[in-house]
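Below you'll find the structure, written out as structure tokens, and then a few comments.
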Amino acid sequence: MDNVLLFRFEIIIAALILMLLVMSLRDFNTKVTAFLGTMNVLLLVNFLIGWLPMYTGSYFSGFFRTTDLIVFEKNILNLGILLISLTSYQWLKKSEHRLEFYFLMLSSIMGVFVMLSSGHILMLYLGVEMSTIPIAAMSNFNLDEKRSSEAGLKLILSSAFSTGIMLFGISLLYGAVGNLSFDSVIANLHPDMLTLFAFTFILAGFAFKMSIVPFHLWTADVYEGSPIAVTNFLSVISKGSVVFVFLTILYQLFGGLKDEWLYAISILSILSMTVGNLFALRQQNAKRFLAFSSIAQVGFVLVGVAGASVMGSTSVVYFILIYLLSNIAAFGVIGAMADSTGSESLQSFKGLYKSNPFYALFMVVALFSLAGVPPVAGFFGKLFLLTAGMNSKLYVLLGFAGVNLVLSLYNYLRVVKYMFIDEAVTTVPPLQRNRQLTIALVTCTIGLLIIGFIPAIYQYIDQICRM
Amino acid sequence: MNSYELSSLLIVALPLMSFAFLVLLSKQLKPRVAGIIGTLTLATTAILTFYVAAGYFFGFGMENGAYVHHIALQFQWLKFSDNLSIDLGIVLDPISVALLIVITVVSTMVHLYSLNYMHGEEYFARYYAYLSLFTFSMLGLVMAVNIFQMYIFWELVGVSSFLLIGFYFTKPSAIAAAKKAFIVTRFADLGFLIGILILSHGAKTLDFFVMIQRLTQAGSPYLAHFTATSFLGLSTLSWALLLVFAGGAGKSAMFPLHIWLPDAMEGPTPVSALIHAATMVVAGVYLVARLFPIFAISAPDALLIIAYIGAFTALFAAVIACTQTDIKRVLAYSTISQIAYMMFALGVSGWGEGQTEGFTASIFHLFTHAFFKALLFLGAGAIIHAINSNEMKDMGGLRKALPITHITFLVACLSISGIPPFSGFFSKEAILSAASHSNMLVYYVGLFTSGLTAFYMFRLYFRIFWYKPVQDHHNHEKHTWAMNSALLVLVLGAAFAGLIPFGSFVSATGSPIILPFNPSFSVVPVSFGLIGIFLAYFFFSKESDRADKTVAYFGGFYRAAYHKFYIDEIYLFITKKVIFNLIGRPAAWFDRTVVNGILINGTAVVTEAGSEAIKPMQSGKVQSYAMFFLGGVLLLVALLFIQFM
Amino acid sequence: MNASTVIFYVLGSLVLIFGAMTVFSQKIFRAAVYLLFSLISVAGLYLLWDMDFIAALQIIIYVGGIVVLIIFSIFLTQRSGEKLPPPIKKRLVWSGILTISGLGLTSWIVYNYLFSASTLPGVEPTVHNIGEQMLSYSKYGYVFPFEVINILLLAALVGSIVIAMKKKEIKPTDETTHITK
Amino acid sequence: MIVAKKELLIKSIALAGSSLQLVISVIITVLYVQLRQTGTTDQFLFQSSYVWFAPLKIYFSSGIDGISLAMILMTALVVLAGVLVSWKINKQVKEFFFLLIVLSLSAYGFFITTNLFVMFFFLELAVIPKFLLIGMWGSGRKEYSSMKLALMLMAGSALVFLGMIGLFYASGMQSWDIQDIAKLNIPIATQRVLYLLLFTGFGVFTAMFPFHTWAPDGHSSAPTAASMFLAGISMKLGAYGCLRVATYLLPGAAQELSWIFIILASIAIIYGAFATMMQKDLKYMNAYSSVSHVGFIILGIAMLTKVAITGAVMQMVSHGIMTALFFAAIGMIYDRAHTRQANELGGMLKQIPFIGTAFIISGLTSLGLPGFSGFVSEMTVFVGSWERAGIFYRGATILAAASIVVTAVYILRAIGFAIWGNITNKEFLKLKDATWSERTATVLLVVGILIIGLAPFLFVHLINLDTTTIYQKLISNVLVH
Amino acid sequence: MEQVPLSHILILSSALFFLGIYGFFSRRNMITMLMSIELILNSANINFIAFNKYLFPHQLEGVFFTMFIIVVAAAEVSLSIAIIINLYRRFNTIDIEDTTTMKY
């Protein structure tokens with residue numbers, strides 16, 4: 001029984017996948033509202049079950065393990081898919097492939113869970129693949145759109161390439177340590193040439209998934225081309241989960257190479273922040289804009305990672321939670337805009353506050369959170385990252401982080417300016433509202449507004465990170 | 001607090017209350033009521049002043065045969081540090097009491113006079129408010145116990161002067177004059193302020209009397225480093241005192257800071273009488289007198305400089321006065337010249353036994369000058385009131401039309417020309433005598449100036465009241481009872497104030513001295529005065545071309561003097577051209593272009609350029625992306641290896 | 001030099017030569033065939049190292065599955081025998097620089113690295129051993145990844161079908177049975 | 001009609017709220033003074049502390065000393081005046097007053113907290129409302145100005161935060177609290193870096209040269225209340241930080257490096273004054289003059305003598321009220337005449353005497369007329385600065401003092417052009433004088449100016465203990481190398 | 001039995017790896033790019049097998065890893081080809097240079 005509890009997340013997801021298969025046999029998904037409603041309820045149940053008390057430990061000869069932190073991370077991601085499901089309601093109602101969408105999304109999240117719980121590099125590899133391959137299919141889901149298939153292609157080719165490189169690295173690491181279970185790697189790791197070489201290749205593979213500069217170039221194109229729900233999933237779940245894994249990899253798996261990777265990480269961080277922000281500066285497409293913004297955000301995450309301390313991992317997890325809410329809210333609003341106006345251009349946001357004050361307020365909270373403006377939660381997230389980053393005394397990194405705070409503020413304020421200050425070019429009609437989207441947006445917004453004022457959350461993360 | 005102290009407090013407080021009252025209720029009160037309230041308050045003040053003065057001079061002021069300062073009130077207003085604080089208070093000593101009398105009397109008369117003169121003005125109540133404010137500030141200045149208190153009231157005086165000069169605030173020339181007066185004196189005050197800072201640091205106090213004590217006692221520890229030569233052969237103390245004097249020079253319109261005073265005549269004429277003749281402009285003299293012991297004992301070189309500046313200004317202003325045609329301007333230059341008299345009188349004075357008569361003479365002249373100059377201005381005001389013009393060419397033969405004005409004006413002219421037995425004679429006599437005892441150069445300049453004074457004053461007199469009568473004048477002394485009574489009161493002072501044995505009341509050390517009166521000495525100055533009067537009679541008693549011919553003879557010099565020796569133009573050049581174009585404009589340009597343009601907007605431009613520069617990276621081509629990927633990996637490997645090795 | 005080494009070098013060169021021809025060939029169909037040969041040579045290498053099972057897998061999945069799929073897709077999208085458009089020169093230069101420097105670096109590292117071999121007794125990579133481990137969940141048991149990969153395959157299949165088929169209907173296959181847990 | 005009623009309700013709530021703030025501030029002041037009179041010598045009174053982020057040692061701890069109390073009073077006054085002046089706002093009323101309240105809350109929070117992180121939180125909280133206020137209700141180049149302001153302030157706050165993290169690490173990651181950090185002996189090398197970071201960062205908020213350029217543009221575009229806020233309170237956040245954080249917590253570096261800021265302050269004072277002289281737009285004029293005036297604050301803080309610090313604090317409060325009045329007067333004129341160009345105006349005193357007088361009073365305060373607050377604070381700064389012997393410090397003081405002449409020039413020019421003179425524009429003959437709300441606001445501010453100007457001893461008494469504490473810390477500093 | 005030195009095998013795999021990478025960089029046809037990826041994966045497989053055989057014969061880690069890589073590769077290729085076919089329908093070409101509607 002304990003074991004079953006250990007796999008609780010995975011079992012539920014697997015059950016859902018199975019259920020979807022059964023549903024597809026019965027053509028249940030033709031009853032759109034009922035289907036989507038059921039899915040949302042199930043995802044909510046899934047999310048709630050995640051909070052039940054939990055056993056921790058490892059199983060399957062160490063291939064699978066779980067800790068409080070991993071449980072918490074999975075819970076965050078469960079919340080993410082629930083919210084994404086809610087925000088994409090309108091799109092799914094129109095899409096022909098809503099069942100497949102859920103199927104692939106659940107498969108992907110299954111891969112993510114496998115990756116998070118992995119105790120062996122093989123599982124890590126499988127998890128990465130499993131979380132990516134369905135997304136590639138999903139990003140091609142607007143089957144009639146050129147951009148969508150281009151996005152799918154770019155994602156699958158780039159990701160195959162990056163996997164190839166990562167695998168080559170893993171193979172060399174295997175040669176160096178002899179066994180790829182985490183315990184063995186940690187025990188046998190020596191900082192030598194081959195290990196470093198292999199480490200870099202593996203790092204690049206994960207950096208690719210997190211879209212760290214210079215491995216990020218696929219990001220913007222794929223984000224732009226994919227359906228908004230998929231972009232949302234990519235930017236939030238996919239990226240967030242890899243950030244969690246990244247912590248495990250760097251702090252535990254390659255903790256022995258800390259002196260070496262610290263420097264590399266800080267350079268990657270500087271590059272990501274700067275390049276992401278500089279590109280975001282020139283974007284007019286909302287999704288592309290958020291793509292570059294998310295690249296910059298990862299740069300900030302790396303500042304915390306470079307802290308190489310408990311505070312580092314705490315602040316990173318905390319930040320991802322906030323980042324998840326902010327991005328989902330932003331994409332939710334963009335999706336609503338795109339549904340109503342058919343435009344994803346930032347220009348179409350002009351004068352939004354006058355025509356749709358609620359959407360504008362949701363958006364502004366999300367953007368402020370991304371920019372790190374108080375009292376929104378992103379402020380705390382970002383500052384804790386910086387505080388943690390100070391631990392390694394990488395002053396140049398912090399300096400760049402400071403510069404990029406300003407730069408990113410400009411980027412987000414540009415959108416705020418469109419919404420609040422500029423006059424509308426063409427009047428935005430009052431957007432359609434549906435309950436699901438509103439619930440999601442309200443949840444995100446409330447979350448963003450109060451997280452900073454509920455210290456218990458941070459405290460809890462701190463506590464589980466210390467274990 | 002005895003009745004004298006209470007009275008002295010009331011002396012300061014009443015004008016302030018009057019000011020507050022009039023400002024707050026300026027709309028509600030009828031103009032006449034406001035004027036009467038102002039005037040009555042001031043009259044009360046004057047009466048209190050006489051009460052206090054009597055009490056001081058004939059009662060509590062004298063201790064051991066010398067007048068001592070009596071602090072009627074003192075409280076700490078702003079504490080800087082343990083030894084530095086701004087105290088506000090009231091001091092009664094001979095010079096302050098003397099000035100109190102001058103201020104309250106003249107001010108009362110001006111208030112009274114203005115009831116007629118300013119009748120019908122739109123902002124009548126405000127005018128009285130400003131007058132009260134000025135009077136309050138001036139009284140506060142005079143009764144200051146602390147050098148910073150003096151500075152505070154000094155500034156307040158400046159601003160009331162500013163407001164009053166700019167009373168006709170819709171007139172561009174009045175605005176310009178008000179600004180000029182304020183800015184020039186402000187510039188001078190900067191010197192005062194720095195002087196105070198130096199003094200405060202040297203003496204470790206801001207209290208006048210403590211400071212005087214610390215900086216005059218032989219062997220005082222505060223003096224040790226202070227009197228050492230520091231810069232250009234003068235000691236730090238001398239520099240400090242000269243900087244303080246700069247402030248005084250600004251207010252008292254000493255050369256080269258005199259340029260504001262003639263322009264200040266743009267204000268209403270009674271204002272000119274009060275502020276720019278009798279009271280405020282003598283603040284500089286009062287300031288030097290206040291610090292006189294320090295000057296005389298510890299920094300005689302500074303005093304000498306003051307003497308020379310005073311002498312030069314006296315002559316310089318007198319020369320210009322001879323050429324001006326606007327009667328108020330003539331009076332203004334005359335004021336400059338007379339104040340310069342007082343200034344050099346202080347300058348030639350010393351400290352030791354028998355050497356301090358200059359000090360007494362200076363204050364004496366201040367006293368008498370206040371009466372006759374106020375009288376002159378008010379007389380001029382009456383004339384202007386009657387014919388609505390300031391220019392001499394519009395005047396002539398006004399004897400009949402303005403009899404009271406004529407008589408009083410004549411008395412004042414005689415007085416300022418130093419003709420016995422009018423008051424000016426005694427004070428000027430004392431000054432010249434003091435100068436002749438210590439510095440002959442200054443004496444000769446003073447002597448010549450007194451001749452010039454007689455000349456230009458009587459030029460004015462003859463030109464207005466004799467010469468060719470003008471036909472057309474409007475207000476034949478109608479509704480002028482208040483103006484006339486003010487003139488009549490002041491004429492008493494102008495005529496008889498000289499008879500006061502001033503030396504027994506006011507002296508540098510406090511112990512009474514006797515001002516020498518020597519008829520044989522008086523012959524020369526008086527004859528200079530008479531020559532001046534004669535010359536004026538010769539040129540101006542009747543319409544003739546004598547004056548023009550003489551002017552033609554002087555040619556260039558006359559033009560230079562007529563244009564006030566182009567000092568204004570030089571100032572204008574420095575301010576408009578040099579400061580605006582060389583400092584102000586470049587500063588503004590630098591700010592917009594360099595600081596904002598390059599530093600701040602430049603950052604934005606660089607960022608945009610950076611964004612543009614890395615644009616090709618995102619080419620949309622997967623293969624290029626993959627190449628960046630591999631390149632990144634290889635560089636990272638190289639980096640790690642370098643780090644590792 | 002014995003036979004096995006000779007075979008190794010022969011096979012190794014075949015792998016590289018066919019690989020190079022795959023990469024450089026101007027005709028896409030030929031490229032696919034060269035890839036096939038290269039993969040078969042790799043399988044030969046596995047056989048040489050007594051990895052029979054892997055070699056079989058290589059042949060079955062790669063040769064029988066992947067290459068066939070690729071050839072199908074070539075037929076669907078391209079006329080065979082058509083020449084490929086020439087690569088872009090500038091990119092070739094950069095790819096050359098990057099790959100050659102990368103190869104140099106990698107070779108230098110692996111050549112100079114002293115690998116430490118395990119002294120423990122070996123396990124024969126027989127089908128029996130592999131099968132046993134594959135389904136065991138005790139130590140060295142790979143049942144968990146094995147099950148995970150089922151879902152992966154299913155997802156890939158579903159995705160492929162959705163994308164490649166024009167109609168939305170999917171008929172799930174029997175593979176559903178694998179995902180019970 | 002309904003909308004109008006609702007707007008009135010919102011305005012009334014804002015008014016009631018800000019009046020309440022003032023009342024509470026006054027009550028706190030009274031309590032504070034009573035406590036001090038009973039001999040309480042704690043550095044901060046009314047201390048309280050709530051856990052916020054315990055693992056990071058972030059506590060919402062508050063405490064009030066004389067300096068912060070003075071700031072709070074000033075804030076309350078300016079906020080109330082700001083609300084009153086904005087009475088006529090009719091566009092997006094709810095948002096406007098909401099943002100104003102957020103601004104005021106951030107200012108209060110900043111002044112009362114003793115925890116650096118919380119302080120930073122409130123410092124940043126104030127940035128975005130300013131952006132929106134300028135952007136949504138502003139005029140002219142509002143987009144450029146608001147963006148520039150937000151970015152420059154953000155850059156400043158980034159520096160501040162880096163410095164604050166540094167202090168946190170210097171405390172061994174044990175505390176963000178000012179009182180705890182003040183007890184540390186931070187190595188001088190660390191101090192230098194942190195001092196420069198913090199002082200520069202806060203300096204940006206204070207519009208310290210050469211980081212002042214947000215001020216002229218920001219003010220010129222901002223609506224009246226926002227200008228009042230920006231110059232009146234927002235700049236003081238920075239100044240307060242320079243004093244309380246940069247100088248007080250890093251005494252060693254302050255002694256070594258304050259010369260840098262003395263130079264910058266002197267430049268700002270003189271150069272700002274000259275630049276002001278050339279401005280035609282009244283708001284630009286006052287903005288530049290603010291640059292010059294806050295130069296006195298920086299100078300006072302950087303001079304590191306007790307008197308100078310006292311003067312700096314006085315100048316903070318004085319400038320806060322004075323400049324708010326100035327902006328209020330300019331705003332009132334602009335609302336009516338629709339121009340702020342000095343040469344296009346004229347005769348305001350004749351047509352709208354109340355506003356004209358308000359302008360003159362603020363002008364006279366600005367040029368340091370005794371009786372108004374500007375004089376006492378400037379003089380205290382001068383006297384304090386003069387205590388620093390040495391040609392460099394003396395030179396800086398003289399330079400600073402010289403600015404009073406330039407100040408007189410530009411203030412009088414402005415008065416001469418805009419307020420005095422004849423009405424040149426026929427349109428101006430229709431202008432109406434101040435409304436009741438504007439009158440109340442003006443009177444409030446003038447009373448504030450007069451209280452400090454006439455009874456500075458009250459003020460000095462209020463902050464004396466605290467400036468002494470700061471000064472003691474500065475001179476008792478033991479350098480750790 | 002004399003063995004081939006491990007380093008030779010590794011150099012072989014590295015060469016294959018970079019050959020694949022070169023192909024990925026230079027081939028404009030998407031299907032040939034896929035082929036190049038197969039080469040890359042094979043090079044990793046060779047490494048795994050070689051290490052398992054030469055260095056760590058006590059376990060079958062490398063063998064299993066290779067198995068999984070092969071299976072995953074199959075899945076990846078099948079999806080890639082589906083995407084390419086779909087893309088071909090939209091763009092009517094499978095030249096990677098032509099599918100750049102989104103950039104900058």
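So you can find residues: chains in the structure tokens are A, B, ... in the order shown, residues in each start at 1, and ligands are numbered from 1 in order.
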Item to check | Long-range neighbours of segment 67-76 of chain C as a list in words, 9 Å cut-off, only C-alpha atoms, 6 positions minimum in chain | outcome: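 In the requested format, the answer is Ile28, Phe29, Ala32, Val33, Leu35, Leu36 and Ile61 of chain C; Ile31, Thr32, Leu34, Met35, Val77, Ser78, Ile81, Ala82, Ile84 and Ile85 of chain E.
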Which residues of chain A come within 9 Å of chain D, and what is each one's closest atom pair and distance in Å (one decimal), counting only C-alpha atoms, sorted by chain and residue number, as a tab-separated table?
residue	atom	partner	partner_atom	distance
A:Met311	CA	D:Leu56	CA	8.4
A:Val373	CA	D:Glu124	CA	6.9
A:Pro374	CA	D:Leu125	CA	5.1
A:Pro375	CA	D:Leu125	CA	6.4
A:Phe379	CA	D:Phe121	CA	8.3
A:Phe380	CA	D:Phe121	CA	8.8
A:Leu383	CA	D:Phe161	CA	8.2
A:Phe384	CA	D:Leu56	CA	8.5
A:Leu386	CA	D:Leu162	CA	8.1
A:Thr387	CA	D:Ile165	CA	6.0
A:Met390	CA	D:Ile165	CA	7.3
A:Asn391	CA	D:Tyr169	CA	7.9
A:Leu398	CA	D:Leu162	CA	7.4
A:Gly399	CA	D:Leu162	CA	8.0
A:Ala401	CA	D:Ala158	CA	8.6
A:Gly402	CA	D:Ala158	CA	5.1
A:Val403	CA	D:Ala155	CA	6.9
A:Leu405	CA	D:Ala158	CA	7.2
A:Val406	CA	D:Ala155	CA	5.6
A:Leu407	CA	D:Leu151	CA	7.8
A:Leu409	CA	D:Leu151	CA	7.1
A:Tyr410	CA	D:Leu151	CA	6.6
A:Leu413	CA	D:Met147	CA	7.6
A:Arg414	CA	D:Met147	CA	8.3
A:Val416	CA	D:Leu132	CA	8.8
A:Lys417	CA	D:Gly135	CA	7.5
A:Phe420	CA	D:Met136	CA	6.7
A:Ile421	CA	D:Met136	CA	5.2
A:Asp422	CA	D:Met136	CA	8.5
A:Gly452	CA	D:Trp52	CA	8.8
A:Phe453	CA	D:Trp52	CA	7.3
A:Ile454	CA	D:Trp52	CA	7.7
A:Pro455	CA	D:Phe53	CA	5.2
A:Ala456	CA	D:Phe53	CA	7.9
A:Tyr458	CA	D:Phe53	CA	7.0
A:Gln459	CA	D:Pro55	CA	6.4
A:Asp462	CA	D:Pro55	CA	7.1
A:Gln463	CA	D:Pro55	CA	8.9
Restrict the selected residues to C-alpha atoms and save them as a short mmCIF file (atom, residue, chain, number, x, y, z; two decimals), in the first residue's frame.
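Listing of result25.cif after writing:
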data_model
loop_
_atom_site.label_atom_id
_atom_site.label_comp_id
_atom_site.auth_asym_id
_atom_site.auth_seq_id
_atom_site.Cartn_x
_atom_site.Cartn_y
_atom_site.Cartn_z
CA MET A 311 18.38 29.29 0.10
CA VAL A 373 7.29 44.90 -8.83
CA PRO A 374 5.82 44.98 -5.34
CA PRO A 375 3.43 44.11 -3.86
CA PHE A 379 8.87 40.92 -6.38
CA PHE A 380 9.62 38.54 -3.56
CA LEU A 383 14.56 39.39 -4.75
CA PHE A 384 14.96 36.10 -2.97
CA LEU A 386 19.10 37.72 -5.90
CA THR A 387 19.57 37.32 -2.17
CA MET A 390 24.77 36.73 -3.28
CA ASN A 391 25.84 33.61 -1.44
CA LEU A 398 24.46 40.41 -9.42
CA GLY A 399 25.39 43.59 -11.23
CA ALA A 401 20.97 41.01 -12.65
CA GLY A 402 20.43 44.59 -11.47
CA VAL A 403 20.80 45.96 -14.98
CA LEU A 405 15.85 44.16 -13.64
CA VAL A 406 15.63 47.57 -15.20
CA LEU A 407 15.63 46.28 -18.74
CA LEU A 409 10.88 46.42 -16.27
CA TYR A 410 11.01 48.42 -19.45
CA LEU A 413 6.00 48.45 -18.68
CA ARG A 414 5.79 48.77 -22.42
CA VAL A 416 1.37 48.17 -19.33
CA LYS A 417 1.73 51.40 -21.19
CA PHE A 420 -3.28 51.82 -19.59
CA ILE A 421 -1.83 54.86 -21.25
CA ASP A 422 -2.16 54.53 -24.99
CA GLY A 452 4.10 37.38 -0.80
CA PHE A 453 2.03 37.94 2.29
CA ILE A 454 1.69 34.33 3.31
CA PRO A 455 5.12 33.64 4.66
CA ALA A 456 4.08 30.07 5.43
CA TYR A 458 8.15 30.19 1.74
CA GLN A 459 8.74 28.71 5.12
CA ASP A 462 12.52 26.25 3.01
CA GLN A 463 11.76 23.43 5.37
#
Next on the checklist: Could you work out which residues of chain E fall inside 7 Å of chain A? Count only C-alpha atoms, and format the result as a ChimeraX atom specification.
Outcome noted: /E:37,40-41,44,47-48,51,56,61,65,76,80,83-84,86-87,90-91,99,101-103
Output file for the residues above (C-alpha atoms, as an mmCIF file, in the first residue's frame):
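This went into again-v8.cif:
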data_model
loop_
_atom_site.group_PDB
_atom_site.id
_atom_site.type_symbol
_atom_site.label_atom_id
_atom_site.label_comp_id
_atom_site.auth_asym_id
_atom_site.auth_seq_id
_atom_site.Cartn_x
_atom_site.Cartn_y
_atom_site.Cartn_z
ATOM 1 C CA ILE E 37 20.274 12.474 -35.922
ATOM 2 C CA ILE E 40 24.353 10.874 -33.628
ATOM 3 C CA LEU E 41 22.275 8.480 -31.594
ATOM 4 C CA ALA E 44 26.145 7.306 -28.345
ATOM 5 C CA ASN E 47 29.867 4.324 -26.663
ATOM 6 C CA PHE E 48 27.445 2.675 -24.274
ATOM 7 C CA PHE E 51 31.990 0.921 -22.224
ATOM 8 C CA PHE E 56 31.873 -2.458 -16.737
ATOM 9 C CA GLU E 61 23.635 -0.689 -17.842
ATOM 10 C CA PHE E 65 20.519 2.303 -22.091
ATOM 11 C CA GLU E 76 10.935 10.297 -32.079
ATOM 12 C CA SER E 80 9.089 13.670 -36.680
ATOM 13 C CA ILE E 83 5.200 16.376 -38.451
ATOM 14 C CA ILE E 84 7.238 16.573 -41.631
ATOM 15 C CA ASN E 86 1.988 17.558 -42.172
ATOM 16 C CA LEU E 87 4.398 20.365 -42.846
ATOM 17 C CA ARG E 90 1.211 23.149 -45.552
ATOM 18 C CA PHE E 91 4.407 24.373 -47.180
ATOM 19 C CA THR E 99 10.199 27.060 -43.333
ATOM 20 C CA THR E 101 8.025 32.237 -41.372
ATOM 21 C CA MET E 102 8.864 33.013 -37.771
ATOM 22 C CA LYS E 103 12.072 34.745 -36.952
#
Checklist entry - Neighbours of segment 132-143 of chain B within 6 Å (only C-alpha atoms; same-chain residues fewer than 3 positions away dropped), as a list of chain:residue names? => result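 After dropping sequence-adjacent residues, the list is B:Val12, B:Pro15, B:Leu16, B:Phe19, B:Ile90, B:Val91, B:Ser96, B:Ala129, B:Met150, B:Phe153, B:Leu156, B:Val157, B:Ser160.
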Dump as a JSON list (two decimals), in the first residue's frame, selection limited to C-alpha atoms:
[["chain", "number", "residue", "atom", "x", "y", "z"],
["B", 12, "VAL", "CA", 8.45, 94.90, 17.59],
["B", 15, "PRO", "CA", 3.85, 96.20, 13.50],
["B", 16, "LEU", "CA", 3.92, 92.46, 13.09],
["B", 19, "PHE", "CA", 0.88, 93.18, 9.25],
["B", 90, "ILE", "CA", 15.77, 92.57, 21.89],
["B", 91, "VAL", "CA", 18.76, 94.58, 22.83],
["B", 96, "SER", "CA", 19.70, 100.62, 18.72],
["B", 129, "ALA", "CA", 0.56, 95.55, 5.34],
["B", 150, "MET", "CA", 20.30, 90.39, 12.21],
["B", 153, "PHE", "CA", 15.71, 90.44, 9.63],
["B", 156, "LEU", "CA", 13.11, 90.18, 5.70],
["B", 157, "VAL", "CA", 13.88, 93.83, 5.20],
["B", 160, "SER", "CA", 9.71, 93.85, 2.17]]
Checklist entry - If we count only C-alpha atoms, what is near Ala588 of chain B at a cut-off of 7 Å, once residues fewer than 3 positions away on the same chain are taken out, given as a list in words? => result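 Contacts, in chain order: Gly584, Arg585, Asp591 and Arg592 of chain B; Ala275 and Met278 of chain D.
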Checklist entry - If you run DSSP on this backbone, which residues of segment 79-216 of chain B come out as helix (DSSP H, G or I), and could you give them as a ChimeraX atom specification? => result /B:94-117,124-142,147-165,172-203,208-216
Next on the checklist: Set the cut-off to 10 Å and count only C-alpha atoms: what are the residues of chain B that reach chain A? Output as a ChimeraX atom specification.
Outcome noted: /B:604,607-615,617-645
Would you write out, as JSON lines, a table of all residues in chain B that have an atom no more than 7 Å from an atom of chain D, listing for each the closest atom pair and the distance in Å to one decimal, considering only C-alpha atoms and ordering rows by chain and rising residue number?
{"residue": "B:Trp77", "atom": "CA", "partner": "D:Phe457", "partner_atom": "CA", "distance": 5.6}
{"residue": "B:Leu78", "atom": "CA", "partner": "D:Phe457", "partner_atom": "CA", "distance": 5.0}
{"residue": "B:Lys79", "atom": "CA", "partner": "D:Phe457", "partner_atom": "CA", "distance": 6.8}
{"residue": "B:Phe80", "atom": "CA", "partner": "D:Val307", "partner_atom": "CA", "distance": 5.7}
{"residue": "B:Ser81", "atom": "CA", "partner": "D:Val307", "partner_atom": "CA", "distance": 6.6}
{"residue": "B:Ile152", "atom": "CA", "partner": "D:Pro370", "partner_atom": "CA", "distance": 5.5}
{"residue": "B:Glu155", "atom": "CA", "partner": "D:Leu369", "partner_atom": "CA", "distance": 6.6}
{"residue": "B:Leu156", "atom": "CA", "partner": "D:Pro370", "partner_atom": "CA", "distance": 6.5}
{"residue": "B:Phe169", "atom": "CA", "partner": "D:Trp420", "partner_atom": "CA", "distance": 5.2}
{"residue": "B:Thr170", "atom": "CA", "partner": "D:Gly421", "partner_atom": "CA", "distance": 3.8}
{"residue": "B:Lys171", "atom": "CA", "partner": "D:Gly421", "partner_atom": "CA", "distance": 6.0}
{"residue": "B:Pro172", "atom": "CA", "partner": "D:Gly421", "partner_atom": "CA", "distance": 6.2}
{"residue": "B:Ile175", "atom": "CA", "partner": "D:Gly416", "partner_atom": "CA", "distance": 5.9}
{"residue": "B:Lys179", "atom": "CA", "partner": "D:Leu412", "partner_atom": "CA", "distance": 6.0}
{"residue": "B:Ile183", "atom": "CA", "partner": "D:Ala408", "partner_atom": "CA", "distance": 6.2}
{"residue": "B:Arg186", "atom": "CA", "partner": "D:Val405", "partner_atom": "CA", "distance": 5.8}
{"residue": "B:Phe187", "atom": "CA", "partner": "D:Val405", "partner_atom": "CA", "distance": 5.5}
{"residue": "B:Leu190", "atom": "CA", "partner": "D:Ala402", "partner_atom": "CA", "distance": 6.4}
{"residue": "B:Leu197", "atom": "CA", "partner": "D:Val383", "partner_atom": "CA", "distance": 6.4}
{"residue": "B:Ile583", "atom": "CA", "partner": "D:Phe274", "partner_atom": "CA", "distance": 6.9}
{"residue": "B:Gly584", "atom": "CA", "partner": "D:Phe274", "partner_atom": "CA", "distance": 4.8}
{"residue": "B:Arg585", "atom": "CA", "partner": "D:Met278", "partner_atom": "CA", "distance": 6.3}
{"residue": "B:Ala587", "atom": "CA", "partner": "D:Ala275", "partner_atom": "CA", "distance": 5.2}
{"residue": "B:Ala588", "atom": "CA", "partner": "D:Ala275", "partner_atom": "CA", "distance": 4.4}
{"residue": "B:Val595", "atom": "CA", "partner": "D:Pro210", "partner_atom": "CA", "distance": 6.5}
{"residue": "B:Asn596", "atom": "CA", "partner": "D:Thr213", "partner_atom": "CA", "distance": 5.9}
